[in-house]
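J.: File upload16.cif follows (mmCIF, C-alpha atoms):
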data_run
#
loop_
_atom_site.label_atom_id
_atom_site.label_comp_id
_atom_site.auth_asym_id
_atom_site.auth_seq_id
_atom_site.Cartn_x
_atom_site.Cartn_y
_atom_site.Cartn_z
CA MET A 275 103.96 175.66 138.23
CA ILE A 276 100.91 174.56 140.23
CA LEU A 277 97.53 176.27 140.03
CA VAL A 278 95.41 176.37 143.17
CA THR A 279 91.78 177.28 142.52
CA GLY A 280 90.08 178.77 145.55
CA GLY A 281 93.60 179.67 146.59
CA ALA A 282 92.51 182.77 148.51
CA GLY A 283 90.09 180.69 150.59
CA PHE A 284 90.64 178.76 153.78
CA ILE A 285 92.16 175.41 152.84
CA GLY A 286 93.39 176.75 149.50
CA SER A 287 95.47 179.56 151.01
CA ASN A 288 97.08 177.14 153.45
CA ILE A 289 98.04 174.92 150.51
CA VAL A 290 99.40 177.96 148.68
CA ALA A 291 101.48 178.98 151.72
CA ALA A 292 102.96 175.50 152.04
CA LEU A 293 103.80 175.21 148.34
CA ALA A 294 105.29 178.70 148.14
CA GLY A 295 107.25 178.01 151.31
CA ARG A 296 108.88 175.09 149.52
CA GLY A 297 109.92 177.33 146.64
CA GLN A 298 107.24 175.96 144.32
CA ALA A 299 105.92 178.34 141.66
CA VAL A 300 102.23 178.84 142.49
CA ALA A 301 99.38 180.61 140.76
CA VAL A 302 95.99 181.29 142.35
CA CYS A 303 92.57 181.42 140.75
CA ASP A 304 89.93 182.97 142.98
CA PHE A 305 87.60 185.86 143.70
CA VAL A 306 89.54 188.10 146.09
CA GLY A 307 86.75 190.63 146.62
CA SER A 308 86.82 193.59 148.98
CA ALA A 309 86.42 192.02 152.44
CA GLY A 310 90.11 191.48 153.21
CA LYS A 311 90.38 187.99 151.74
CA TRP A 312 93.65 189.09 150.13
CA ARG A 313 95.26 188.82 153.56
CA ASN A 314 95.12 185.04 153.24
CA LEU A 315 97.67 185.38 150.42
CA ALA A 316 99.71 188.33 151.66
CA LYS A 317 102.69 186.30 152.93
CA SER A 318 103.07 184.03 149.91
CA GLU A 319 105.07 184.70 146.76
CA LEU A 320 102.76 184.06 143.82
CA ARG A 321 103.44 183.59 140.13
CA ASP A 322 99.98 184.94 139.22
CA VAL A 323 96.49 185.67 140.56
CA VAL A 324 93.77 184.86 138.06
CA HIS A 325 90.15 185.96 138.14
CA PRO A 326 87.88 182.95 137.46
CA SER A 327 86.44 184.62 134.38
CA GLN A 328 89.93 184.67 132.87
CA LEU A 329 90.78 181.06 133.67
CA PRO A 330 90.14 179.42 130.26
CA GLY A 331 92.51 181.77 128.44
CA TRP A 332 95.06 181.58 131.23
CA LEU A 333 95.11 177.78 131.09
CA LYS A 334 95.64 177.88 127.34
CA ARG A 335 98.62 180.23 127.69
CA HIS A 336 100.23 178.29 130.53
CA ARG A 337 99.49 174.69 129.54
CA HIS A 338 103.17 173.82 129.10
CA ALA A 339 104.37 175.34 132.38
CA LEU A 340 101.57 173.93 134.51
CA THR A 341 102.14 170.53 136.15
CA ALA A 342 99.11 170.25 138.43
CA ILE A 343 95.79 171.80 139.38
CA VAL A 344 94.75 171.68 143.03
CA HIS A 345 91.06 172.46 142.78
CA MET A 346 89.78 173.85 146.09
CA GLY A 347 87.44 176.45 144.57
CA ALA A 348 83.76 175.96 145.41
CA ILE A 349 80.68 177.51 146.91
CA SER A 350 81.10 175.81 150.26
CA ALA A 351 78.25 177.23 152.33
CA THR A 352 75.95 174.43 153.46
CA SER A 353 73.17 177.04 153.51
CA ALA A 354 73.52 177.85 149.78
CA THR A 355 70.21 177.78 147.91
CA ASP A 356 71.02 178.95 144.34
CA GLY A 357 71.14 175.56 142.64
CA ASP A 358 72.18 176.85 139.24
CA LEU A 359 75.09 178.84 140.66
CA VAL A 360 76.23 175.96 142.86
CA LEU A 361 76.11 173.49 139.99
CA ARG A 362 77.95 175.85 137.67
CA THR A 363 80.70 176.39 140.24
CA ASN A 364 80.95 173.06 142.03
CA PHE A 365 80.12 170.63 139.24
CA ARG A 366 80.52 172.08 135.76
CA LEU A 367 83.78 173.91 136.45
CA SER A 368 85.19 170.86 138.23
CA TRP A 369 84.38 168.64 135.25
CA GLN A 370 85.91 171.15 132.81
CA LEU A 371 89.13 171.17 134.84
CA TRP A 372 89.10 167.36 134.98
CA GLN A 373 88.81 167.23 131.20
CA TRP A 374 91.55 169.82 130.73
CA CYS A 375 93.92 167.85 132.98
CA ALA A 376 93.00 164.61 131.20
CA TYR A 377 93.70 166.09 127.77
CA HIS A 378 96.99 167.69 128.82
CA ARG A 379 98.06 164.84 131.16
CA LYS A 380 98.34 166.95 134.33
CA GLN A 381 97.83 166.05 137.98
CA PHE A 382 94.40 166.91 139.37
CA ILE A 383 93.57 167.00 143.09
CA TYR A 384 90.14 168.25 144.07
CA ALA A 385 88.12 168.98 147.20
CA SER A 386 85.13 166.82 147.92
CA SER A 387 83.45 166.91 151.34
CA ALA A 388 82.20 164.81 154.22
CA ALA A 389 78.86 166.50 153.49
CA THR A 390 78.46 163.90 150.74
CA TYR A 391 77.76 161.30 153.47
CA GLY A 392 74.50 162.93 154.52
CA ASN A 393 73.25 161.80 157.92
CA GLY A 394 75.83 159.02 158.10
CA ASP A 395 73.38 156.13 157.88
CA GLN A 396 75.62 154.53 155.25
CA GLY A 397 78.74 155.06 157.35
CA TYR A 398 81.85 157.04 156.40
CA ASP A 399 83.69 154.61 154.15
CA ASP A 400 85.39 156.40 151.26
CA ASP A 401 84.60 153.66 148.76
CA GLY A 402 84.78 155.49 145.45
CA SER A 403 83.01 152.91 143.32
CA PRO A 404 79.83 153.94 141.46
CA ALA A 405 77.79 151.37 143.41
CA ALA A 406 78.97 152.61 146.82
CA LEU A 407 78.51 156.27 145.95
CA ALA A 408 74.97 155.60 144.72
CA LYS A 409 73.94 154.73 148.29
CA LEU A 410 74.82 158.12 149.77
CA ARG A 411 72.17 160.80 150.35
CA PRO A 412 73.60 164.29 151.04
CA LEU A 413 71.40 166.57 153.12
CA ASN A 414 72.04 169.91 151.42
CA LEU A 415 72.73 171.46 148.03
CA TYR A 416 76.44 171.87 148.70
CA GLY A 417 76.87 168.22 149.70
CA TRP A 418 74.87 167.05 146.68
CA SER A 419 76.96 169.13 144.25
CA LYS A 420 80.16 167.59 145.60
CA HIS A 421 78.62 164.13 145.53
CA LEU A 422 77.47 164.66 141.95
CA PHE A 423 81.05 165.33 140.88
CA ASP A 424 82.40 162.35 142.84
CA ARG A 425 79.91 160.15 140.98
CA ARG A 426 80.84 161.64 137.60
CA VAL A 427 84.50 160.93 138.28
CA ALA A 428 83.74 157.39 139.47
CA ARG A 429 81.76 156.67 136.30
CA ALA A 430 84.49 158.13 134.06
CA VAL A 431 87.14 155.98 135.72
CA ALA A 432 84.98 152.84 135.70
CA GLU A 433 84.25 153.20 132.00
CA GLY A 434 87.81 154.05 130.97
CA GLU A 435 87.21 157.65 129.92
CA PRO A 436 90.31 159.86 129.60
CA ALA A 437 91.64 160.80 133.04
CA PRO A 438 94.30 163.16 134.40
CA SER A 439 97.79 161.74 134.83
CA GLN A 440 96.92 161.62 138.54
CA TRP A 441 93.58 162.28 140.21
CA ALA A 442 92.51 162.37 143.83
CA GLY A 443 89.30 163.55 145.47
CA LEU A 444 89.53 164.56 149.13
CA LYS A 445 86.52 164.28 151.43
CA PHE A 446 87.41 166.90 154.02
CA PHE A 447 85.73 166.56 157.40
CA ASN A 448 85.45 169.41 159.99
CA VAL A 449 88.52 171.49 159.21
CA TYR A 450 89.76 174.27 161.52
CA GLY A 451 92.82 176.49 161.46
CA PRO A 452 94.27 179.82 160.27
CA ASN A 453 92.90 181.84 157.35
CA GLU A 454 89.25 180.92 157.89
CA TYR A 455 88.34 184.39 159.21
CA HIS A 456 86.54 185.53 156.05
CA LYS A 457 84.01 182.70 156.31
CA GLY A 458 81.67 184.44 158.77
CA ASN A 459 79.26 181.99 160.41
CA MET A 460 80.86 179.19 158.38
CA GLN A 461 84.05 179.48 160.44
CA SER A 462 84.95 176.54 162.65
CA VAL A 463 83.55 176.34 166.18
CA VAL A 464 87.06 177.08 167.47
CA ALA A 465 87.33 180.34 165.56
CA ARG A 466 83.78 181.44 166.40
CA SER A 467 84.21 180.60 170.08
CA TYR A 468 87.66 182.12 170.55
CA PRO A 469 86.61 185.77 171.25
CA ALA A 470 84.25 184.76 174.06
CA ALA A 471 86.69 182.25 175.56
CA ALA A 472 89.60 184.73 175.38
CA ALA A 473 87.48 187.31 177.20
CA GLY A 474 86.68 184.81 179.95
CA ASP A 475 83.03 184.51 178.91
CA ALA A 476 81.06 181.32 178.44
CA VAL A 477 80.97 179.60 175.05
CA MET A 478 77.54 178.61 173.78
CA LEU A 479 76.88 175.15 172.31
CA PHE A 480 73.70 173.43 171.18
CA LYS A 481 71.80 171.20 173.54
CA SER A 482 71.29 167.63 172.42
CA HIS A 483 67.82 166.77 171.18
CA ARG A 484 68.49 163.06 170.82
CA THR A 485 67.85 160.54 173.58
CA GLY A 486 71.02 158.99 174.95
CA ILE A 487 73.33 161.80 173.82
CA ALA A 488 74.27 164.40 176.43
CA ASP A 489 74.47 168.11 175.75
CA GLY A 490 77.83 168.82 174.15
CA ASP A 491 78.47 165.17 173.35
CA GLN A 492 77.54 165.57 169.69
CA ARG A 493 80.67 164.39 167.91
CA ARG A 494 82.59 165.38 164.81
CA ASP A 495 85.84 164.45 163.15
CA PHE A 496 87.76 167.69 163.70
CA VAL A 497 90.89 167.96 161.53
CA TYR A 498 93.56 170.65 161.73
CA VAL A 499 94.12 172.35 158.39
CA GLU A 500 97.84 171.53 158.38
CA ASP A 501 96.91 167.84 158.24
CA CYS A 502 94.84 168.54 155.12
CA VAL A 503 97.76 170.38 153.56
CA ASP A 504 100.09 167.48 154.36
CA VAL A 505 97.81 165.10 152.47
CA VAL A 506 97.77 167.35 149.39
CA LEU A 507 101.56 167.74 149.42
CA TRP A 508 102.00 163.98 149.81
CA LEU A 509 99.72 163.29 146.88
CA LEU A 510 101.55 165.76 144.65
CA GLY A 511 104.74 163.94 145.52
CA HIS A 512 103.23 160.51 144.79
CA PRO A 513 101.76 160.91 141.31
CA THR A 514 100.84 157.24 140.90
CA VAL A 515 98.29 157.41 143.75
CA ASN A 516 94.70 157.85 142.54
CA GLY A 517 91.35 157.64 144.26
CA LEU A 518 88.73 159.17 146.52
CA TYR A 519 89.95 159.58 150.09
CA ASN A 520 88.64 160.77 153.44
CA VAL A 521 90.71 163.50 155.07
CA GLY A 522 90.01 163.68 158.78
CA SER A 523 91.63 162.73 162.06
CA GLY A 524 89.99 159.32 162.18
CA ALA A 525 88.66 160.05 165.68
CA ALA A 526 85.23 161.50 166.54
CA ARG A 527 85.50 164.02 169.36
CA SER A 528 82.74 165.92 171.15
CA PHE A 529 82.07 169.63 170.89
CA ALA A 530 82.52 169.82 174.67
CA GLU A 531 86.00 168.30 174.36
CA LEU A 532 86.84 170.80 171.61
CA ILE A 533 85.81 173.77 173.76
CA HIS A 534 87.67 172.36 176.76
CA ALA A 535 90.78 172.21 174.53
CA LEU A 536 90.20 175.86 173.60
CA PHE A 537 89.97 177.01 177.23
CA THR A 538 92.99 174.89 178.16
CA ALA A 539 95.02 176.55 175.40
CA LEU A 540 94.02 179.91 176.90
CA GLY A 541 94.90 178.80 180.43
CA ARG A 542 91.32 179.29 181.64
CA PRO A 543 88.73 177.00 183.23
CA ALA A 544 86.12 175.92 180.71
CA ARG A 545 82.77 177.72 180.72
CA ILE A 546 80.04 176.28 178.47
CA VAL A 547 76.38 177.24 178.24
CA TYR A 548 73.97 175.07 176.28
CA ARG A 549 71.07 176.50 174.28
CA ASP A 550 68.26 174.94 172.31
CA MET A 551 69.04 174.04 168.74
CA PRO A 552 66.87 175.94 166.23
CA GLU A 553 63.92 173.86 165.08
CA ALA A 554 64.97 174.21 161.43
CA LEU A 555 68.28 172.46 162.10
CA ARG A 556 67.10 169.52 164.16
CA ALA A 557 65.87 167.29 161.35
CA HIS A 558 69.17 167.54 159.45
CA TYR A 559 71.68 167.78 162.30
CA GLN A 560 74.53 165.28 162.35
CA TYR A 561 75.27 163.86 165.79
CA TYR A 562 78.34 161.87 164.74
CA THR A 563 80.95 161.90 162.00
CA GLU A 564 84.23 159.99 161.86
CA ALA A 565 86.49 159.57 158.87
CA ARG A 566 87.62 156.05 158.04
CA MET A 567 91.25 156.65 157.10
CA GLN A 568 92.22 153.12 156.09
CA ARG A 569 92.22 153.73 152.32
CA LEU A 570 94.57 156.70 152.54
CA ARG A 571 96.84 154.77 154.90
CA ALA A 572 96.79 151.76 152.58
CA ALA A 573 97.83 154.06 149.73
CA GLY A 574 101.00 154.85 151.68
CA TYR A 575 100.21 158.01 153.62
CA GLY A 576 101.73 157.62 157.08
CA GLN A 577 101.65 161.05 158.73
CA PRO A 578 99.82 160.87 162.09
CA SER A 579 96.81 163.11 162.61
CA THR A 580 96.88 166.03 165.03
CA PRO A 581 94.73 165.53 168.16
CA ILE A 582 92.44 168.46 168.94
CA GLU A 583 94.39 169.26 172.10
CA GLN A 584 97.51 169.92 170.01
CA GLY A 585 95.77 171.44 167.00
CA VAL A 586 93.69 173.89 169.01
CA ARG A 587 96.74 174.96 171.03
CA ARG A 588 98.75 175.55 167.86
CA TYR A 589 95.87 177.52 166.38
CA VAL A 590 95.39 179.66 169.50
CA GLU A 591 99.03 180.29 170.31
CA GLY A 592 100.32 180.65 166.76
CA TYR A 593 97.46 182.53 165.13
CA LEU A 594 94.27 183.49 166.98
CA SER A 595 96.07 185.22 169.85
CA GLN A 596 98.56 187.01 167.58
CA PRO A 597 98.26 190.57 166.19
CA ASP A 598 98.62 189.00 162.74
CA PRO A 599 96.59 185.76 162.76
CA TYR A 600 97.24 184.86 159.11
CA ARG A 601 99.45 182.04 157.86
#
Give the structure from this file in structure tokens form.

T.:
Amino acid sequence: MILVTGGAGFIGSNIVAALAGRGQAVAVCDFVGSAGKWRNLAKSELRDVVHPSQLPGWLKRHRHALTAIVHMGAISATSATDGDLVLRTNFRLSWQLWQWCAYHRKQFIYASSAATYGNGDQGYDDDGSPAALAKLRPLNLYGWSKHLFDRRVARAVAEGEPAPSQWAGLKFFNVYGPNEYHKGNMQSVVARSYPAAAAGDAVMLFKSHRTGIADGDQRRDFVYVEDCVDVVLWLLGHPTVNGLYNVGSGAARSFAELIHALFTALGRPARIVYRDMPEALRAHYQYYTEARMQRLRAAGYGQPSTPIEQGVRRYVEGYLSQPDPYR
């Protein structure tokens, strides 16, 4: 059995669907709440659904049956401000699960984030050494909490502390795809823009406030969620692979290109209106991100990434335009 924490969330529920679809026994640990998040899990056969408050006892009872923990659970809002809550959820719990997997010799795959890179001044090289990680400066509380755990893991490995039978940290870049609908304003630009584009209205993007960069030419590494799932499944199947890895497409694409792909998938001419970026965002806004994928490739992962033209079309045709948009 595999436990997926945050399994009712965006990336987590896609991992759950893929594992369950393969006939794998899967349990989920998450807050399901009352806002329809359960729909992310509705199509998957589950061995159990565990409230986070019950996790310690559950792990004790199922320690022999469990083979791996895929730890996607986190407070992922970049606007989060409760430092104690974020640290308790994103750092302390992660370290407790690391220690549990180390003691019981289980596989442990966890979600890090491209937010750990901050403004990108140090580049986007997923060097997991303590010295390399010490150079990064995340811009928000969420990014710092993920970075703090990456550094704790790096120090534990460097100093020979007990480790899980396999461990891998995944620095996810700008992920889009089905089952993100509960995330509100933290949904991907594709999901947020779809209603306007489908209605034939213009999509709004931020103007550029940096000399030499045109409006809409701010660039991100957009990665389709199925690519993220493929990496997790590959790692579970290759238990000797350990390390901290970027998970992106490896190609920075502009927001304008992304919205053009959305309108193309809808069979409509693109309509984009640019508006001023709020003053509060300008000092911390990233104009460029691009995952260096060489380390994951060198580890043996060979699946090609999905270009935004294909990923957006699959998202629109298979999910966003359907009466039931859930995976």

J.: List as a PyMOL selection string the protein and nucleic acid residues near Cys303 (chain A), meaning an atom at most 10 Å away when all atoms listed in the file are counted, but skip any in the same chain fewer than 4 places from it.

T.: chain A and resi 277-282+286+322-329+332+345-347

J.: Write a file of the selected residues as a PDB file, keeping the file's coordinate frame, keeping C-alpha atoms.

T.:
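selection.pdb, written as the output of this step:
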ATOM      1  CA  LEU A 277      97.530 176.270 140.030  1.00  0.00           C
ATOM      2  CA  VAL A 278      95.410 176.370 143.170  1.00  0.00           C
ATOM      3  CA  THR A 279      91.780 177.280 142.520  1.00  0.00           C
ATOM      4  CA  GLY A 280      90.080 178.770 145.550  1.00  0.00           C
ATOM      5  CA  GLY A 281      93.600 179.670 146.590  1.00  0.00           C
ATOM      6  CA  ALA A 282      92.510 182.770 148.510  1.00  0.00           C
ATOM      7  CA  GLY A 286      93.390 176.750 149.500  1.00  0.00           C
ATOM      8  CA  ASP A 322      99.980 184.940 139.220  1.00  0.00           C
ATOM      9  CA  VAL A 323      96.490 185.670 140.560  1.00  0.00           C
ATOM     10  CA  VAL A 324      93.770 184.860 138.060  1.00  0.00           C
ATOM     11  CA  HIS A 325      90.150 185.960 138.140  1.00  0.00           C
ATOM     12  CA  PRO A 326      87.880 182.950 137.460  1.00  0.00           C
ATOM     13  CA  SER A 327      86.440 184.620 134.380  1.00  0.00           C
ATOM     14  CA  GLN A 328      89.930 184.670 132.870  1.00  0.00           C
ATOM     15  CA  LEU A 329      90.780 181.060 133.670  1.00  0.00           C
ATOM     16  CA  TRP A 332      95.060 181.580 131.230  1.00  0.00           C
ATOM     17  CA  HIS A 345      91.060 172.460 142.780  1.00  0.00           C
ATOM     18  CA  MET A 346      89.780 173.850 146.090  1.00  0.00           C
ATOM     19  CA  GLY A 347      87.440 176.450 144.570  1.00  0.00           C
TER      20      GLY A 347
END

J.: If the PyMOL selection byres ((chain A and resi 313) around 10) were run on this exact file, what residues would it hold? Put them as a ChimeraX atom specification.

T.: /A:282,287,306,309-312,314-318,453,455-456,598-601

J.: Would you kindly return, as a ChimeraX atom specification, each protein, DNA or RNA residue with an atom no farther than 12 Å from any atom of region 533-537 of chain A, considering all atoms listed in the file and excluding same-chain residues fewer than 6 positions away?

T.: /A:462-479,490-491,496,527,543-547,581-591,594-595

J.: Please write as a count of residues only the full residue list that the PyMOL selection byres ((chain A and resi 507) around 12) yields on this file.

T.: 30

J.: May I ask for the distance between CA of Asn459 (chain A) and CA of Phe284 (chain A), given in Å to one decimal place?

T.: 13.6 Å

J.: Selected by the PyMOL selection byres ((chain A and resi 436) around 10) in the shown coordinates: which residues, as a list in words?

T.: Trp372, Gln373, Cys375, Ala376, Tyr377, Arg379, Ala430, Val431, Glu433, Gly434, Glu435, Ala437, Pro438 and Ser439 of chain A

J.: Write the residues of the preceding selection, restricted to C-alpha atoms, as an mmCIF file, in the frame of the given file.

T.:
data_model
loop_
_atom_site.group_PDB
_atom_site.id
_atom_site.type_symbol
_atom_site.label_atom_id
_atom_site.label_comp_id
_atom_site.auth_asym_id
_atom_site.auth_seq_id
_atom_site.Cartn_x
_atom_site.Cartn_y
_atom_site.Cartn_z
ATOM 1 C CA TRP A 372 89.100 167.360 134.980
ATOM 2 C CA GLN A 373 88.810 167.230 131.200
ATOM 3 C CA CYS A 375 93.920 167.850 132.980
ATOM 4 C CA ALA A 376 93.000 164.610 131.200
ATOM 5 C CA TYR A 377 93.700 166.090 127.770
ATOM 6 C CA ARG A 379 98.060 164.840 131.160
ATOM 7 C CA ALA A 430 84.490 158.130 134.060
ATOM 8 C CA VAL A 431 87.140 155.980 135.720
ATOM 9 C CA GLU A 433 84.250 153.200 132.000
ATOM 10 C CA GLY A 434 87.810 154.050 130.970
ATOM 11 C CA GLU A 435 87.210 157.650 129.920
ATOM 12 C CA ALA A 437 91.640 160.800 133.040
ATOM 13 C CA PRO A 438 94.300 163.160 134.400
ATOM 14 C CA SER A 439 97.790 161.740 134.830
#

J.: Between A:Arg493, A:His558, A:Arg426, A:Arg566, which has the minimum distance to Phe446 (chain A) (counting only C-alpha atoms)?

T.: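 That would be A:Arg566, the residue with the smallest distance to Phe446 (chain A).
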
J.: Just want the 8 Å neighbourhood of region 399-414 of chain A, counted on all atoms listed in the file, with same-chain residues fewer than 2 positions away dropped. Output as a ChimeraX atom specification.

T.: /A:352-353,389-393,396-397,416-418,421,424-425,428-429,432,445,517-520,558,565-566,569

J.: Could you dump the residues just selected with C-alpha atoms as a compact mmCIF listing (two decimals), in the frame of the given file?

T.:
# COMPACT_ATOMS: atom_id res chain seq x y z
CA THR A 352 75.95 174.43 153.46
CA SER A 353 73.17 177.04 153.51
CA ALA A 389 78.86 166.50 153.49
CA THR A 390 78.46 163.90 150.74
CA TYR A 391 77.76 161.30 153.47
CA GLY A 392 74.50 162.93 154.52
CA ASN A 393 73.25 161.80 157.92
CA GLN A 396 75.62 154.53 155.25
CA GLY A 397 78.74 155.06 157.35
CA TYR A 416 76.44 171.87 148.70
CA GLY A 417 76.87 168.22 149.70
CA TRP A 418 74.87 167.05 146.68
CA HIS A 421 78.62 164.13 145.53
CA ASP A 424 82.40 162.35 142.84
CA ARG A 425 79.91 160.15 140.98
CA ALA A 428 83.74 157.39 139.47
CA ARG A 429 81.76 156.67 136.30
CA ALA A 432 84.98 152.84 135.70
CA LYS A 445 86.52 164.28 151.43
CA GLY A 517 91.35 157.64 144.26
CA LEU A 518 88.73 159.17 146.52
CA TYR A 519 89.95 159.58 150.09
CA ASN A 520 88.64 160.77 153.44
CA HIS A 558 69.17 167.54 159.45
CA ALA A 565 86.49 159.57 158.87
CA ARG A 566 87.62 156.05 158.04
CA ARG A 569 92.22 153.73 152.32

J.: Which residue, A:Glu454, A:Asp304, A:Asp395, A:Glu319, has the smallest gap to Tyr593 (chain A) when you use only C-alpha atoms?

T.: A:Glu454

J.: Would you mind reading off the distance between CA of Gln596 (chain A) and CA of Asp495 (chain A), one decimal, in Å?

T.: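 So the two atoms, CA of Gln596 (chain A) and CA of Asp495 (chain A), lie 26.3 Å apart.
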
J.: Go ahead and compute the interatomic distance for CA of Arg337 (chain A) and CA of His378 (chain A), in Å to one decimal.

T.: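 Computing it gives 7.5 Å between the two atoms.
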